[in-house]
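**Q** Mind having a look at this structure? Questions to follow.
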Amino acid sequence: MPVQDRIGEVTERIRRRSRETRSAYLDRIRDAARRGPQRTKLSCGNLAHGFAACGTEDKAGLKGDAKANIAIVSAYNDMLSAHQPLETFPTLIKRAVREAGAVAQFAGGVPAMCDGVTQGQAGMELSLFSRDVIAMASAVALSHDMFDGALFLGVCDKIVPGLVMAALGFGHLPAVFVPAGPMTSGLPNDEKARIRQLFAEGKIGRDELLEAESASYHGPGTCTFYGTANTNQMLMEIMGLHLPGASFVNPNTPLRDALTAAAAKRVTEITALGNAYTPSGEVVDERAVVNGVVGLHATGGSTNHTIHLIAMARAAGIQLTWDDFADLSDVVPLLCRIYPNGLADVNHFHAAGGMAVLTSELLNAGLLHADTLTVAGEGGLERYRQEPRLEDGHLTWVDGPATSGDPNVLAAVATPFSSNGGLRLLDGNLGRAVIKVSAVKPERHVIEAPARIFHDQNEVKVAFEAGELDRDVVCVVRFQGPQANGMPELHKLTPFLGVLQDRGFAVALVTDGRMSGASGKVPAAIHVTPEAKAGGAIAKLRDGDVVRVDALEGRLVALVAPEDWAARVADTADLSAYETGLGREFFAGFRALVGGAEVGASALGR
């Protein structure tokens with residue numbers, strides 16, 4: 001099935017825009033591929049250091065160049081439920097790689113913080129920058145130039161984007177991404193949200209709230225709502241960096257372990273020492289990036305990827321923009337209802353047919369490039385219509401279901417939940433922003449109300465509890481951009497704003513910060529750029545200015561007389577409270593160097 005015209009047009013536009021940067025990138029990684037890993041060219045002392053701790057068999061293999069050496073880069077820690085299962089993966093991987101006639105070494109661990117723990121806390125101000133730290137830490141792990149391929153173990157919010165950026169920095173190496181899978185279903189997400197709002201209103205206490213949260217987040221694996229972590233897994237699969245069907249298999253199951261072993265064996269087959277060399281920098285091309293954006297829209301995925309996908313694409317020399325997101329959103333239907341865009345969780349999505357059905361629907365409609373290079377090999381993205389099965393203890397892939405097992409969770413292209421993905425670009429005299437409306441009721445797609453200005457999210461809580469927000473209001477939380485304080489998520493505001501909305505008020509959020517990947521029912525114009533710290537127009541707003549957030553027309557405007565608006569001077573703010581404590585002092589350089597949200601909010605200068 002050829003791709004629809006708009007898909008082809010946007011892809012070609014990205015290709016033209018990226019011609020110089022992509023060409024330079026490909027020249028660099030192809031030169032590195034010709035040079036090959038340097039371990040056989042190292043001095044004897046250097047090489048001896050590189051395999052000193054290996055067993056006899058692996059040491060013998062690394063003395064020559066006949067055996068591939070696979071790097072394991074892992075984000076394991078046992079505080080994050082999503083990453084705790086990764087503890088056992090290196091042993092399993094090393095065994096599988098050895099059975100395939102190669103060697104695997106644990107090249108390095110990377111930091112992995114949990115946005116769920118730091119939400120609303122000072123540590124959240126390190127969250128976005130942790131993506132770049134992860135990319136840098138992975139680069140250190142791979143810098144020994146001892147490797148023919150790499151396995152990247154990670155799941156959550158900034159972690160997978162950082163690992164992808166690193167993989168593309170070493171784009172001459174094949175890379176397979178290895179997930180851990182979602183935890184089993186616990187307390188339904190809509191019930192969790194209801195209890196959070198009751199707590200925000202003071203109707204229940206902390207003990208009841210903690211019981212509900214613990215019943216929701218209850219075991220190993222990814223949180224089951226469709227936030228950034230699970231959007232990451234969808235992206236890795238639809239962009240061809242996972243094995244087919246690997247994304248949403250629960251941890252600590254025979255199938256999960258079999259998929260991990262298969263990923264380990266597969267990476268040995270696609271190194272330059274074999275006949276199916278598949279470097280990651282060739283896998284992630286303009287078509288794969290467009291496929292990722294299409295998947296984001298079709299599933300109602302995380303708004304964080306309007307930043308992360310741009311940063312990942314730039315790591316491969318590809319210039320992706322918010323306009324590309326907007327144009328693709330117009331033609332990609334919403335096929336999933338997963339919380340917060342519905343009542344189901346990712347386990348329900350997986351049971352309904354999951355990625356195999358989603359991919360098939362999008363391929364059949366010409367909404368995906370089928371001819372991409374993937375780590376699965378011949379057949380391109382067509383292979384991803386399949387799903388894994390264990391038959392007599394052996395892993396195999398079979399054709400996925402022809403149709404969804406639950407059209408209330410996973411719809412067909414012919415009968416979508418919405419004609420577009422619900423992610424919109426906003427523009428106007430306040431700057432540019434994005435808004436996710438897939439979970440917002442249609443009557444709230446346009447909000448026009450007086451602004452209340454805040455410079456810290458905790459000020460919103462104080463005003464809410466004092467009854468000062470019991471009215472139609474646009475809460476403007478500014479000086480939350482990457483230069484100001486690292487661009488934290490402001491998901492802690494959701495219960496308060498949700499209560500106001502449920503009381504019948506017209507409510508919206510406008511911010512140069514981020515919302516959670518679980519952005520929900522309250523309209524939120526986020527990632528406003530230029531940010532307030534950079535003198536953006538959001539810093540010119542005053543209490544009482546009427547602000548219009550219009551997701552239908554794509555407008556974000558202050559309804560202030562043009563001559564008055566032009567004469568205004570942007571406010572400044574004392575940001576010293578954001579500069580120290582919980583490690584924030586170490587990120588001063590990042591805040592000084594970081595680019596804006598629309599170019600990926602990276603401090604790495606890509």
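Letters A, B, ... mark the chains of the structure tokens in the order given; residue numbers begin at 1 per chain; ligand numbers begin at 1, in order shown.
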Going by DSSP on the backbone, which residues of range 70-216 of chain A come out as strand (DSSP E or B)? List them as a PyMOL selection string.

**A** chain A and resi 70-74+103-109+149-153+175-178+182

**Q** So which residues touch Arg452 in chain A within 7 Å, counting only C-alpha atoms, skipping near sequence neighbours fewer than 6 positions away, as a list in words?

**A**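 So the residues in contact are Val473, Val474, Cys475, Val476, Asp543 and Gly544 of chain A.
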
**Q** What gap, in Å, lies between CA of Thr511 in chain A and CA of Gly300 in chain A?

**A**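 Going from CA of Thr511 in chain A over to CA of Gly300 in chain A, I get 20.6 Å.
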
**Q** Can you tell me, as a PDB file with C-alpha atoms, in the first residue's frame, what residues are no more than 10 Å from Lys521 in chain A when counting only C-alpha atoms, ignoring any on the same chain fewer than 2 positions away?

**A**
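Everything below was put into around10.pdb:
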ATOM      1  CA  PRO A 340      -6.004   9.244  30.197  1.00  0.00           C
ATOM      2  CA  ASN A 341      -7.683   9.163  26.804  1.00  0.00           C
ATOM      3  CA  LYS A 436      -3.341  17.608  23.434  1.00  0.00           C
ATOM      4  CA  VAL A 437      -7.114  17.463  23.166  1.00  0.00           C
ATOM      5  CA  SER A 438      -7.717  13.737  22.695  1.00  0.00           C
ATOM      6  CA  ALA A 439      -8.992  13.496  26.302  1.00  0.00           C
ATOM      7  CA  VAL A 440     -10.591  16.971  26.396  1.00  0.00           C
ATOM      8  CA  LYS A 441     -14.339  17.240  25.781  1.00  0.00           C
ATOM      9  CA  ARG A 444     -13.661  22.739  26.140  1.00  0.00           C
ATOM     10  CA  THR A 494      -4.124  18.370  37.266  1.00  0.00           C
ATOM     11  CA  LEU A 497      -7.635  22.290  37.771  1.00  0.00           C
ATOM     12  CA  GLY A 498      -9.838  19.247  37.287  1.00  0.00           C
ATOM     13  CA  GLN A 501     -13.507  22.335  35.748  1.00  0.00           C
ATOM     14  CA  ALA A 508      -7.158  26.167  31.024  1.00  0.00           C
ATOM     15  CA  ALA A 518      -0.641  11.501  31.073  1.00  0.00           C
ATOM     16  CA  SER A 519      -2.049  14.940  30.208  1.00  0.00           C
ATOM     17  CA  PRO A 523      -7.002  21.965  28.155  1.00  0.00           C
ATOM     18  CA  ALA A 524      -3.324  22.858  28.507  1.00  0.00           C
TER      19      ALA A 524
END

**Q** Go ahead and compute the interatomic distance for CA of His491 in chain A and CA of Ile453 in chain A, in Å to one decimal.

**A** 17.5 Å

**Q** Which residues are near Phe177 in chain A? Cut-off 12 Å, only C-alpha atoms, ignore same chain within fewer than 2 positions. Put them as a PyMOL selection string.

**A** chain A and resi 71-75+149-155+159-161+163-164+166-167+174-175+179-180+232-237+239-244+246-247+259-260+262-264+266-267+280+374-376

**Q** Hey, what does DSSP flag as helix (DSSP H, G or I) within range 228-469 of chain A? Can you give it to me as a PyMOL selection string?

**A** chain A and resi 228-238+254-269+280-283+286-299+305-315+322-329+346-351+354-364+380-385+442-444+457-465

**Q** What does the structure give for the distance between CA of Cys114 in chain A and CA of Ala316 in chain A, in Å to one decimal?

**A**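 Those two atoms sit 26.6 Å apart.
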
**Q** Write out as a PyMOL selection string each polymer residue whose atoms come within 12 Å of Leu128 in chain A, counting only C-alpha atoms; drop sequence neighbours fewer than 2 positions from it.

**A** chain A and resi 112-115+118+123-126+130-135+157-159+161-162+304-305+307-308+311+480-483+485-489+513-516+587+590-591+594+597+600-603

**Q** Which of these residues is nearest to Tyr226 in chain A, using only C-alpha atoms: A:Thr184, A:Thr299, A:Thr253, A:Gln38?

**A**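 Closest to Tyr226 in chain A, using only C-alpha atoms: A:Thr299.
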
**Q** When you look at range 331-335 of chain A with a cut-off of 7 Å (counting only C-alpha atoms), what residues show up, excluding the ones that are within fewer than 5 positions of it in the same chain? I need them as number ranges by chain.

**A** A: 294, 297-300, 410-413, 416-421

**Q** Tell me which protein, DNA and RNA residues are within 10 Å of Leu47 in chain A, counting only C-alpha atoms, leaving out same-chain ones fewer than 5 positions away, and put them as a list of chain:residue names.

**A**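 Answer for this query is A:Gln38, A:Arg39, A:Thr40, A:Lys41, A:Leu42, A:Ala52, A:Leu62, A:Lys63, A:His144, A:Met146.
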
**Q** Of the candidates A:Tyr217, A:Phe586, A:Phe89, A:Phe147, which shows the shortest atom-to-atom distance to Ala258 in chain A, using only C-alpha atoms?

**A** A:Phe89

**Q** I'd like to know which of A:Leu343, A:Leu390, A:Ala104, A:Ala414 is closest to Ala193 in chain A, using only C-alpha atoms.

**A**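 Ranked by minimum distance to Ala193 in chain A, first place goes to A:Leu343.
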